[in-house]
>>> print(open('target.pdb').read())   # PDB, C-alpha atoms
ATOM      1  CA  MET G   1     110.689 135.513 108.327  1.00  0.00           C
ATOM      2  CA  SER G   2     110.705 133.924 111.749  1.00  0.00           C
ATOM      3  CA  ASP G   3     106.936 133.818 111.891  1.00  0.00           C
ATOM      4  CA  SER G   4     106.405 130.403 113.480  1.00  0.00           C
ATOM      5  CA  GLY G   5     102.703 130.508 112.609  1.00  0.00           C
ATOM      6  CA  SER G   6     103.488 130.112 108.929  1.00  0.00           C
ATOM      7  CA  ILE G   7     106.018 127.330 109.366  1.00  0.00           C
ATOM      8  CA  THR G   8     104.498 124.054 108.371  1.00  0.00           C
ATOM      9  CA  PRO G   9     105.484 120.897 110.248  1.00  0.00           C
ATOM     10  CA  VAL G  10     105.661 117.596 108.405  1.00  0.00           C
ATOM     11  CA  SER G  11     105.887 114.297 110.236  1.00  0.00           C
ATOM     12  CA  SER G  12     108.564 112.041 108.819  1.00  0.00           C
ATOM     13  CA  GLY G  13     107.228 109.022 110.671  1.00  0.00           C
ATOM     14  CA  PHE G  14     110.246 108.720 112.968  1.00  0.00           C
ATOM     15  CA  GLY G  15     109.178 111.171 115.647  1.00  0.00           C
ATOM     16  CA  VAL G  16     110.915 114.086 113.966  1.00  0.00           C
ATOM     17  CA  LYS G  17     109.244 116.843 112.049  1.00  0.00           C
ATOM     18  CA  MET G  18     110.116 118.689 108.889  1.00  0.00           C
ATOM     19  CA  LYS G  19     109.049 122.277 108.708  1.00  0.00           C
ATOM     20  CA  ASN G  20     109.208 124.618 105.781  1.00  0.00           C
ATOM     21  CA  LYS G  21     108.831 128.315 105.099  1.00  0.00           C
ATOM     22  CA  ILE G  22     107.846 128.138 101.453  1.00  0.00           C
ATOM     23  CA  LYS G  23     104.705 130.135 102.046  1.00  0.00           C
ATOM     24  CA  VAL G  24     106.765 132.902 103.645  1.00  0.00           C
ATOM     25  CA  TYR G  25     109.275 133.001 100.825  1.00  0.00           C
ATOM     26  CA  ARG G  26     106.522 132.859  98.253  1.00  0.00           C
ATOM     27  CA  ALA G  27     104.854 135.844  99.877  1.00  0.00           C
ATOM     28  CA  MET G  28     108.167 137.691  99.986  1.00  0.00           C
ATOM     29  CA  HIS G  29     108.579 137.142  96.248  1.00  0.00           C
ATOM     30  CA  ASP G  30     104.917 137.920  95.609  1.00  0.00           C
ATOM     31  CA  LEU G  31     104.354 134.600  93.894  1.00  0.00           C
ATOM     32  CA  THR G  32     101.216 132.549  93.594  1.00  0.00           C
ATOM     33  CA  GLN G  33     101.354 128.794  94.106  1.00  0.00           C
ATOM     34  CA  ASP G  34     100.654 128.339  90.424  1.00  0.00           C
ATOM     35  CA  ALA G  35     103.485 130.637  89.374  1.00  0.00           C
ATOM     36  CA  LEU G  36     105.959 128.936  91.707  1.00  0.00           C
ATOM     37  CA  ALA G  37     104.801 125.517  90.503  1.00  0.00           C
ATOM     38  CA  LYS G  38     105.412 126.528  86.884  1.00  0.00           C
ATOM     39  CA  GLU G  39     108.858 127.871  87.738  1.00  0.00           C
ATOM     40  CA  LEU G  40     109.769 124.604  89.441  1.00  0.00           C
ATOM     41  CA  GLY G  41     108.105 122.306  86.903  1.00  0.00           C
ATOM     42  CA  VAL G  42     105.651 120.739  89.321  1.00  0.00           C
ATOM     43  CA  THR G  43     101.897 120.967  89.803  1.00  0.00           C
ATOM     44  CA  ARG G  44     100.209 123.581  91.970  1.00  0.00           C
ATOM     45  CA  GLN G  45      98.876 120.771  94.140  1.00  0.00           C
ATOM     46  CA  THR G  46     102.431 119.735  94.959  1.00  0.00           C
ATOM     47  CA  ILE G  47     103.305 123.229  96.190  1.00  0.00           C
ATOM     48  CA  LEU G  48     100.055 123.266  98.160  1.00  0.00           C
ATOM     49  CA  ALA G  49     100.806 119.837  99.674  1.00  0.00           C
ATOM     50  CA  ILE G  50     104.339 120.885 100.671  1.00  0.00           C
ATOM     51  CA  GLU G  51     103.083 124.109 102.234  1.00  0.00           C
ATOM     52  CA  LYS G  52     100.361 122.257 104.124  1.00  0.00           C
ATOM     53  CA  GLY G  53     102.927 119.784 105.398  1.00  0.00           C
ATOM     54  CA  LYS G  54     101.278 116.828 103.725  1.00  0.00           C
ATOM     55  CA  TYR G  55     104.157 115.996 101.446  1.00  0.00           C
ATOM     56  CA  ASP G  56     107.921 116.061 101.885  1.00  0.00           C
ATOM     57  CA  PRO G  57     109.597 117.108  98.647  1.00  0.00           C
ATOM     58  CA  SER G  58     112.459 115.091  97.229  1.00  0.00           C
ATOM     59  CA  LEU G  59     115.981 116.334  97.835  1.00  0.00           C
ATOM     60  CA  GLU G  60     116.140 117.474  94.230  1.00  0.00           C
ATOM     61  CA  LEU G  61     112.976 119.551  94.486  1.00  0.00           C
ATOM     62  CA  ALA G  62     114.065 120.966  97.839  1.00  0.00           C
ATOM     63  CA  PHE G  63     117.328 122.134  96.259  1.00  0.00           C
ATOM     64  CA  ARG G  64     115.473 123.589  93.292  1.00  0.00           C
ATOM     65  CA  ILE G  65     113.220 125.534  95.670  1.00  0.00           C
ATOM     66  CA  SER G  66     116.163 126.860  97.646  1.00  0.00           C
ATOM     67  CA  ARG G  67     118.017 127.747  94.462  1.00  0.00           C
ATOM     68  CA  TYR G  68     114.972 129.516  93.104  1.00  0.00           C
ATOM     69  CA  PHE G  69     114.668 131.652  96.243  1.00  0.00           C
ATOM     70  CA  GLN G  70     118.475 132.006  96.362  1.00  0.00           C
ATOM     71  CA  THR G  71     118.429 130.944  99.978  1.00  0.00           C
ATOM     72  CA  PRO G  72     120.278 128.101 101.741  1.00  0.00           C
ATOM     73  CA  ILE G  73     118.150 124.981 101.905  1.00  0.00           C
ATOM     74  CA  GLU G  74     118.264 124.891 105.705  1.00  0.00           C
ATOM     75  CA  GLU G  75     116.684 128.334 105.782  1.00  0.00           C
ATOM     76  CA  ILE G  76     113.588 127.033 104.009  1.00  0.00           C
ATOM     77  CA  PHE G  77     113.427 123.468 105.319  1.00  0.00           C
ATOM     78  CA  LEU G  78     113.938 122.875 109.014  1.00  0.00           C
ATOM     79  CA  PHE G  79     114.532 119.425 110.443  1.00  0.00           C
ATOM     80  CA  GLU G  80     113.603 119.217 114.105  1.00  0.00           C
TER      81      GLU G  80
ATOM     82  CA  MET C   1      97.342 114.278  71.757  1.00  0.00           C
ATOM     83  CA  LYS C   2      95.282 116.076  74.395  1.00  0.00           C
ATOM     84  CA  LYS C   3      94.463 114.202  77.572  1.00  0.00           C
ATOM     85  CA  ASN C   4      90.711 114.605  77.040  1.00  0.00           C
ATOM     86  CA  THR C   5      91.040 112.861  73.657  1.00  0.00           C
ATOM     87  CA  PHE C   6      92.992 110.128  75.416  1.00  0.00           C
ATOM     88  CA  TYR C   7      90.270 109.677  78.040  1.00  0.00           C
ATOM     89  CA  ILE C   8      87.555 109.505  75.333  1.00  0.00           C
ATOM     90  CA  ILE C   9      89.534 106.845  73.450  1.00  0.00           C
ATOM     91  CA  CYS C  10      89.964 104.897  76.714  1.00  0.00           C
ATOM     92  CA  GLY C  11      86.199 105.041  77.284  1.00  0.00           C
ATOM     93  CA  LEU C  12      85.504 103.787  73.766  1.00  0.00           C
ATOM     94  CA  MET C  13      88.046 101.007  74.231  1.00  0.00           C
ATOM     95  CA  ALA C  14      86.319  99.950  77.457  1.00  0.00           C
ATOM     96  CA  VAL C  15      82.930  99.814  75.705  1.00  0.00           C
ATOM     97  CA  LEU C  16      84.450  97.858  72.813  1.00  0.00           C
ATOM     98  CA  LEU C  17      86.047  95.398  75.241  1.00  0.00           C
ATOM     99  CA  LEU C  18      82.696  94.913  76.927  1.00  0.00           C
ATOM    100  CA  LEU C  19      81.099  94.123  73.559  1.00  0.00           C
ATOM    101  CA  LEU C  20      83.914  91.713  72.694  1.00  0.00           C
ATOM    102  CA  PHE C  21      83.499  90.088  76.093  1.00  0.00           C
ATOM    103  CA  TRP C  22      79.834  89.557  75.301  1.00  0.00           C
ATOM    104  CA  LEU C  23      80.716  88.254  71.822  1.00  0.00           C
ATOM    105  CA  SER C  24      83.238  85.839  73.338  1.00  0.00           C
ATOM    106  CA  ILE C  25      80.571  84.414  75.607  1.00  0.00           C
ATOM    107  CA  ASP C  26      78.087  84.232  72.758  1.00  0.00           C
ATOM    108  CA  LEU C  27      80.516  82.398  70.470  1.00  0.00           C
ATOM    109  CA  SER C  28      82.043  80.371  73.332  1.00  0.00           C
ATOM    110  CA  SER C  29      85.457  81.608  72.241  1.00  0.00           C
ATOM    111  CA  PRO C  30      87.701  82.885  75.042  1.00  0.00           C
ATOM    112  CA  ILE C  31      90.477  83.670  72.568  1.00  0.00           C
ATOM    113  CA  ILE C  32      88.559  86.728  71.300  1.00  0.00           C
ATOM    114  CA  ILE C  33      88.529  88.533  74.644  1.00  0.00           C
ATOM    115  CA  ALA C  34      92.013  87.306  75.601  1.00  0.00           C
ATOM    116  CA  VAL C  35      93.625  88.709  72.430  1.00  0.00           C
ATOM    117  CA  SER C  36      91.507  91.872  72.656  1.00  0.00           C
ATOM    118  CA  ILE C  37      92.648  92.630  76.191  1.00  0.00           C
ATOM    119  CA  ILE C  38      96.317  92.253  75.259  1.00  0.00           C
ATOM    120  CA  HIS C  39      95.860  94.529  72.228  1.00  0.00           C
ATOM    121  CA  ALA C  40      93.927  97.062  74.311  1.00  0.00           C
ATOM    122  CA  ALA C  41      96.673  97.124  76.959  1.00  0.00           C
ATOM    123  CA  VAL C  42      99.384  97.713  74.342  1.00  0.00           C
ATOM    124  CA  LEU C  43      97.292 100.415  72.649  1.00  0.00           C
ATOM    125  CA  PHE C  44      96.646 102.056  76.022  1.00  0.00           C
ATOM    126  CA  PHE C  45     100.350 102.365  76.827  1.00  0.00           C
ATOM    127  CA  VAL C  46     101.236 103.562  73.308  1.00  0.00           C
ATOM    128  CA  LEU C  47      98.515 106.243  73.422  1.00  0.00           C
ATOM    129  CA  LYS C  48      99.499 107.283  76.949  1.00  0.00           C
ATOM    130  CA  GLN C  49     103.008 108.017  75.728  1.00  0.00           C
ATOM    131  CA  ARG C  50     101.586 110.382  73.140  1.00  0.00           C
ATOM    132  CA  VAL C  51      99.575 112.521  75.556  1.00  0.00           C
ATOM    133  CA  THR C  52     101.225 115.908  75.757  1.00  0.00           C
ATOM    134  CA  ASP C  53      99.307 117.841  78.394  1.00  0.00           C
ATOM    135  CA  ILE C  54      99.383 115.506  81.384  1.00  0.00           C
ATOM    136  CA  VAL C  55     101.536 117.139  84.061  1.00  0.00           C
ATOM    137  CA  GLN C  56     103.243 114.520  86.184  1.00  0.00           C
ATOM    138  CA  ASP C  57     105.551 115.436  88.970  1.00  0.00           C
ATOM    139  CA  GLU C  58     107.198 113.581  91.821  1.00  0.00           C
ATOM    140  CA  ARG C  59     104.134 113.712  94.056  1.00  0.00           C
ATOM    141  CA  SER C  60     101.795 112.238  91.449  1.00  0.00           C
ATOM    142  CA  VAL C  61     104.386 109.561  90.645  1.00  0.00           C
ATOM    143  CA  LEU C  62     104.615 108.771  94.369  1.00  0.00           C
ATOM    144  CA  ILE C  63     100.818 108.469  94.577  1.00  0.00           C
ATOM    145  CA  ASP C  64     100.839 106.161  91.529  1.00  0.00           C
ATOM    146  CA  MET C  65     103.572 103.976  93.003  1.00  0.00           C
ATOM    147  CA  LYS C  66     102.063 103.730  96.466  1.00  0.00           C
ATOM    148  CA  THR C  67      98.612 102.964  95.028  1.00  0.00           C
ATOM    149  CA  ALA C  68     100.014 100.251  92.766  1.00  0.00           C
ATOM    150  CA  ALA C  69     102.027  98.648  95.571  1.00  0.00           C
ATOM    151  CA  ALA C  70      99.114  98.682  98.029  1.00  0.00           C
ATOM    152  CA  THR C  71      96.710  97.319  95.382  1.00  0.00           C
ATOM    153  CA  ILE C  72      99.071  94.473  94.547  1.00  0.00           C
ATOM    154  CA  LYS C  73      99.524  93.589  98.237  1.00  0.00           C
ATOM    155  CA  ALA C  74      95.789  93.598  98.972  1.00  0.00           C
ATOM    156  CA  SER C  75      94.920  91.787  95.730  1.00  0.00           C
ATOM    157  CA  VAL C  76      97.485  89.060  96.334  1.00  0.00           C
ATOM    158  CA  VAL C  77      95.932  88.324  99.732  1.00  0.00           C
ATOM    159  CA  LEU C  78      92.430  88.360  98.228  1.00  0.00           C
ATOM    160  CA  PHE C  79      93.393  86.199  95.249  1.00  0.00           C
ATOM    161  CA  LEU C  80      95.334  83.767  97.434  1.00  0.00           C
ATOM    162  CA  THR C  81      92.380  83.376  99.778  1.00  0.00           C
ATOM    163  CA  VAL C  82      89.925  82.702  96.959  1.00  0.00           C
ATOM    164  CA  ASN C  83      92.387  80.470  95.089  1.00  0.00           C
ATOM    165  CA  VAL C  84      93.073  78.284  98.118  1.00  0.00           C
ATOM    166  CA  ALA C  85      89.358  78.034  98.903  1.00  0.00           C
ATOM    167  CA  THR C  86      88.706  77.078  95.273  1.00  0.00           C
ATOM    168  CA  ILE C  87      91.467  74.459  95.305  1.00  0.00           C
ATOM    169  CA  VAL C  88      90.005  72.931  98.452  1.00  0.00           C
ATOM    170  CA  TYR C  89      86.566  72.890  96.845  1.00  0.00           C
ATOM    171  CA  VAL C  90      87.798  71.213  93.663  1.00  0.00           C
ATOM    172  CA  PHE C  91      90.113  68.758  95.424  1.00  0.00           C
ATOM    173  CA  SER C  92      87.281  67.625  97.628  1.00  0.00           C
ATOM    174  CA  GLY C  93      85.693  66.259  94.441  1.00  0.00           C
ATOM    175  CA  PRO C  94      86.817  63.505  92.059  1.00  0.00           C
ATOM    176  CA  LEU C  95      89.846  65.472  90.802  1.00  0.00           C
ATOM    177  CA  GLY C  96      91.467  65.406  94.208  1.00  0.00           C
ATOM    178  CA  PHE C  97      93.401  62.821  96.098  1.00  0.00           C
ATOM    179  CA  GLN C  98      90.345  61.402  97.778  1.00  0.00           C
ATOM    180  CA  SER C  99      90.295  57.624  97.529  1.00  0.00           C
ATOM    181  CA  PHE C 100      87.139  55.696  96.793  1.00  0.00           C
ATOM    182  CA  THR C 101      85.312  54.124  99.654  1.00  0.00           C
ATOM    183  CA  TYR C 102      84.114  50.568  99.325  1.00  0.00           C
ATOM    184  CA  HIS C 103      80.608  49.584 100.008  1.00  0.00           C
ATOM    185  CA  ARG C 104      78.975  46.167 100.292  1.00  0.00           C
ATOM    186  CA  PRO C 105      75.411  46.201  99.023  1.00  0.00           C
ATOM    187  CA  ASN C 106      72.895  45.394 101.637  1.00  0.00           C
ATOM    188  CA  ASP C 107      70.568  43.157  99.664  1.00  0.00           C
ATOM    189  CA  VAL C 108      67.923  41.433 101.717  1.00  0.00           C
ATOM    190  CA  MET C 109      67.311  38.974  98.911  1.00  0.00           C
ATOM    191  CA  LEU C 110      70.759  37.463  99.331  1.00  0.00           C
ATOM    192  CA  PRO C 111      70.623  33.974 100.760  1.00  0.00           C
ATOM    193  CA  ALA C 112      71.865  33.583 104.295  1.00  0.00           C
ATOM    194  CA  GLY C 113      75.580  32.910 104.542  1.00  0.00           C
ATOM    195  CA  SER C 114      76.290  34.047 101.025  1.00  0.00           C
ATOM    196  CA  LEU C 115      77.112  37.630 101.968  1.00  0.00           C
ATOM    197  CA  GLU C 116      80.866  36.984 101.884  1.00  0.00           C
ATOM    198  CA  SER C 117      80.728  36.077  98.207  1.00  0.00           C
ATOM    199  CA  VAL C 118      79.250  39.463  97.259  1.00  0.00           C
ATOM    200  CA  PRO C 119      82.058  41.796  96.136  1.00  0.00           C
ATOM    201  CA  TYR C 120      82.632  45.274  97.519  1.00  0.00           C
ATOM    202  CA  PHE C 121      81.698  47.986  95.104  1.00  0.00           C
ATOM    203  CA  PRO C 122      83.748  51.182  94.855  1.00  0.00           C
ATOM    204  CA  VAL C 123      81.699  54.277  95.520  1.00  0.00           C
ATOM    205  CA  PRO C 124      82.966  57.481  93.880  1.00  0.00           C
ATOM    206  CA  PRO C 125      83.036  60.590  96.006  1.00  0.00           C
ATOM    207  CA  GLU C 126      80.327  63.126  95.517  1.00  0.00           C
ATOM    208  CA  MET C 127      80.659  64.877  92.169  1.00  0.00           C
ATOM    209  CA  ILE C 128      80.722  68.635  91.795  1.00  0.00           C
ATOM    210  CA  PRO C 129      77.563  69.418  89.821  1.00  0.00           C
ATOM    211  CA  ILE C 130      78.306  71.032  86.474  1.00  0.00           C
ATOM    212  CA  SER C 131      75.838  73.801  87.292  1.00  0.00           C
ATOM    213  CA  GLN C 132      78.117  74.919  90.131  1.00  0.00           C
ATOM    214  CA  LEU C 133      81.059  75.504  87.795  1.00  0.00           C
ATOM    215  CA  GLY C 134      79.423  78.788  86.819  1.00  0.00           C
ATOM    216  CA  LEU C 135      80.183  79.855  90.367  1.00  0.00           C
ATOM    217  CA  PHE C 136      83.875  80.021  89.471  1.00  0.00           C
ATOM    218  CA  ALA C 137      83.205  82.474  86.629  1.00  0.00           C
ATOM    219  CA  VAL C 138      81.207  84.673  88.980  1.00  0.00           C
ATOM    220  CA  LEU C 139      84.017  84.391  91.508  1.00  0.00           C
ATOM    221  CA  GLN C 140      86.572  85.526  88.900  1.00  0.00           C
ATOM    222  CA  LEU C 141      84.344  88.462  88.004  1.00  0.00           C
ATOM    223  CA  ILE C 142      84.054  89.419  91.665  1.00  0.00           C
ATOM    224  CA  LEU C 143      87.852  89.278  92.004  1.00  0.00           C
ATOM    225  CA  ILE C 144      88.369  91.609  89.038  1.00  0.00           C
ATOM    226  CA  VAL C 145      85.804  94.095  90.333  1.00  0.00           C
ATOM    227  CA  ALA C 146      87.242  93.832  93.856  1.00  0.00           C
ATOM    228  CA  ALA C 147      90.741  94.594  92.524  1.00  0.00           C
ATOM    229  CA  LEU C 148      89.357  97.667  90.733  1.00  0.00           C
ATOM    230  CA  PHE C 149      87.626  98.874  93.892  1.00  0.00           C
ATOM    231  CA  ILE C 150      90.790  98.274  95.917  1.00  0.00           C
ATOM    232  CA  TYR C 151      92.764 100.356  93.405  1.00  0.00           C
ATOM    233  CA  VAL C 152      90.266 103.224  93.488  1.00  0.00           C
ATOM    234  CA  GLY C 153      90.112 103.096  97.282  1.00  0.00           C
ATOM    235  CA  PHE C 154      93.882 103.289  97.702  1.00  0.00           C
ATOM    236  CA  ARG C 155      94.055 105.979  95.033  1.00  0.00           C
ATOM    237  CA  PHE C 156      91.664 108.150  97.029  1.00  0.00           C
ATOM    238  CA  TYR C 157      93.509 107.350 100.253  1.00  0.00           C
ATOM    239  CA  TYR C 158      96.957 108.304  98.988  1.00  0.00           C
ATOM    240  CA  ALA C 159      95.687 111.297  97.023  1.00  0.00           C
ATOM    241  CA  ARG C 160      94.106 112.552 100.239  1.00  0.00           C
ATOM    242  CA  LYS C 161      97.144 111.669 102.321  1.00  0.00           C
ATOM    243  CA  PHE C 162      99.451 113.686 100.100  1.00  0.00           C
ATOM    244  CA  GLY C 163      97.075 116.602  99.999  1.00  0.00           C
ATOM    245  CA  VAL C 164      95.488 116.805  96.578  1.00  0.00           C
ATOM    246  CA  TRP C 165      92.225 118.100  97.909  1.00  0.00           C
ATOM    247  CA  GLY C 166      93.633 120.832 100.089  1.00  0.00           C
ATOM    248  CA  GLU C 167      91.984 124.213  99.998  1.00  0.00           C
ATOM    249  CA  ASP C 168      93.062 126.732  97.421  1.00  0.00           C
ATOM    250  CA  GLU C 169      95.733 129.279  98.161  1.00  0.00           C
ATOM    251  CA  GLU C 170      95.204 132.631  99.890  1.00  0.00           C
TER     252      GLU C 170
END
>>> encode(input="target.pdb", output="structure tokens")
Amino acid sequence: MSDSGSITPVSSGFGVKMKNKIKVYRAMHDLTQDALAKELGVTRQTILAIEKGKYDPSLELAFRISRYFQTPIEEIFLFE
Amino acid sequence: MKKNTFYIICGLMAVLLLLLFWLSIDLSSPIIIAVSIIHAAVLFFVLKQRVTDIVQDERSVLIDMKTAAATIKASVVLFLTVNVATIVYVFSGPLGFQSFTYHRPNDVMLPAGSLESVPYFPVPPEMIPISQLGLFAVLQLILIVAALFIYVGFRFYYARKFGVWGEDEE
């Protein structure tokens, strides 16, 4: 869970970074990117982009992800 | 409607527009292509609404929006530059605010002392040759193509920026 190697940083453009642990949670739930994308109603590329730190999800999608994994949002998305 | 059907129809519409463009030139009737483009645009949006298997999510919408905004910004600068240059070119001719210069003919056959009685003749500024007006059509064509290239370029840029072409999972 606290594997920092799988936490993806995302630059917000203001010197702070967003990190997320979606890949970790996806592995814990034994989900493929495609399956998670279908559950959340987005494309696989969007999940891939979020995991790679190339795209910050909207607040709505972030909440949907946290609700899907039944985990507090701050556990999945870290703002540093 | 499936998205592949939609893309095929779009391709056919593009070919048809090209033919109508050619027909417009041939018949010297700009109204044909003008009306056709408006109809094609309406048809395009109506058909797009009927496509069922295009998956759009917030990231693709963001890419669309950013591409459109960047294309508009770049195109406005490009169009403004060409428009101002064109205005300068046209206004430097007889349609502009350039006043005529006056010229007294230098006729050696005039008797001495009689030069003052010869009137000044207005000399029109240099005319823009009609053959050069075709340049404006070419310029318009270049602008349209440039706008398309700008759109495609920004599309690639933002698609890459937001990670469409990342490697596959696992």
>>> resolve_selection(input="target.pdb", expression="the PyMOL selection byres ((chain G) within 8 of (chain C))", output="list in words")
Thr32, Gln33, Gly41, Val42, Thr43, Gln45, Thr46, Leu48, Ala49, Lys52, Lys54, Tyr55, Pro57 and Ser58 of chain G
>>> atom_distance(input="target.pdb", atom1="atom CA of C:Ile25", atom2="atom CA of C:Ala137")
11.5 Å
>>> residues_around(input="target.pdb", residues="stretch 140-152 of chain C", least_positions_apart="3", cutoff="8 Å", atoms="only C-alpha atoms", output="ChimeraX atom specification")
/C:67-68,71,74-75,78-79,136-137,155-156
>>> atom_distance(input="target.pdb", atom1="atom CA of G:Phe77", atom2="atom CA of G:Ala62")
7.9 Å
>>> closest_residue(input="target.pdb", among="C:Val138, C:Val90, C:Val77, C:Ile33", to="C:Leu19", atoms="all atoms listed in the file")
C:Ile33
>>> closest_residue(input="target.pdb", among="C:Met13, C:Ile54, C:Leu80, C:Leu27", to="C:His39", atoms="only C-alpha atoms")
C:Met13
>>> atom_distance(input="target.pdb", atom1="atom CA of C:Gly11", atom2="atom CA of C:Phe44")
10.9 Å
>>> closest_residue(input="target.pdb", among="C:Val76, C:Leu139, C:Ala40, C:Ala159", to="C:Val61", atoms="all atoms listed in the file")
C:Ala159
>>> closest_residue(input="target.pdb", among="C:Ser29, C:Leu17, C:Phe154, C:Ala85", to="C:Ala69", atoms="all atoms listed in the file")
C:Phe154
>>> resolve_selection(input="target.pdb", expression="the PyMOL selection byres ((chain G and resi 26) around 12)", output="PyMOL selection string")
(chain G and resi 1+6+20-25+27-37+39+47-48+51+65-66+68-69+76) or (chain C and resi 169-170)
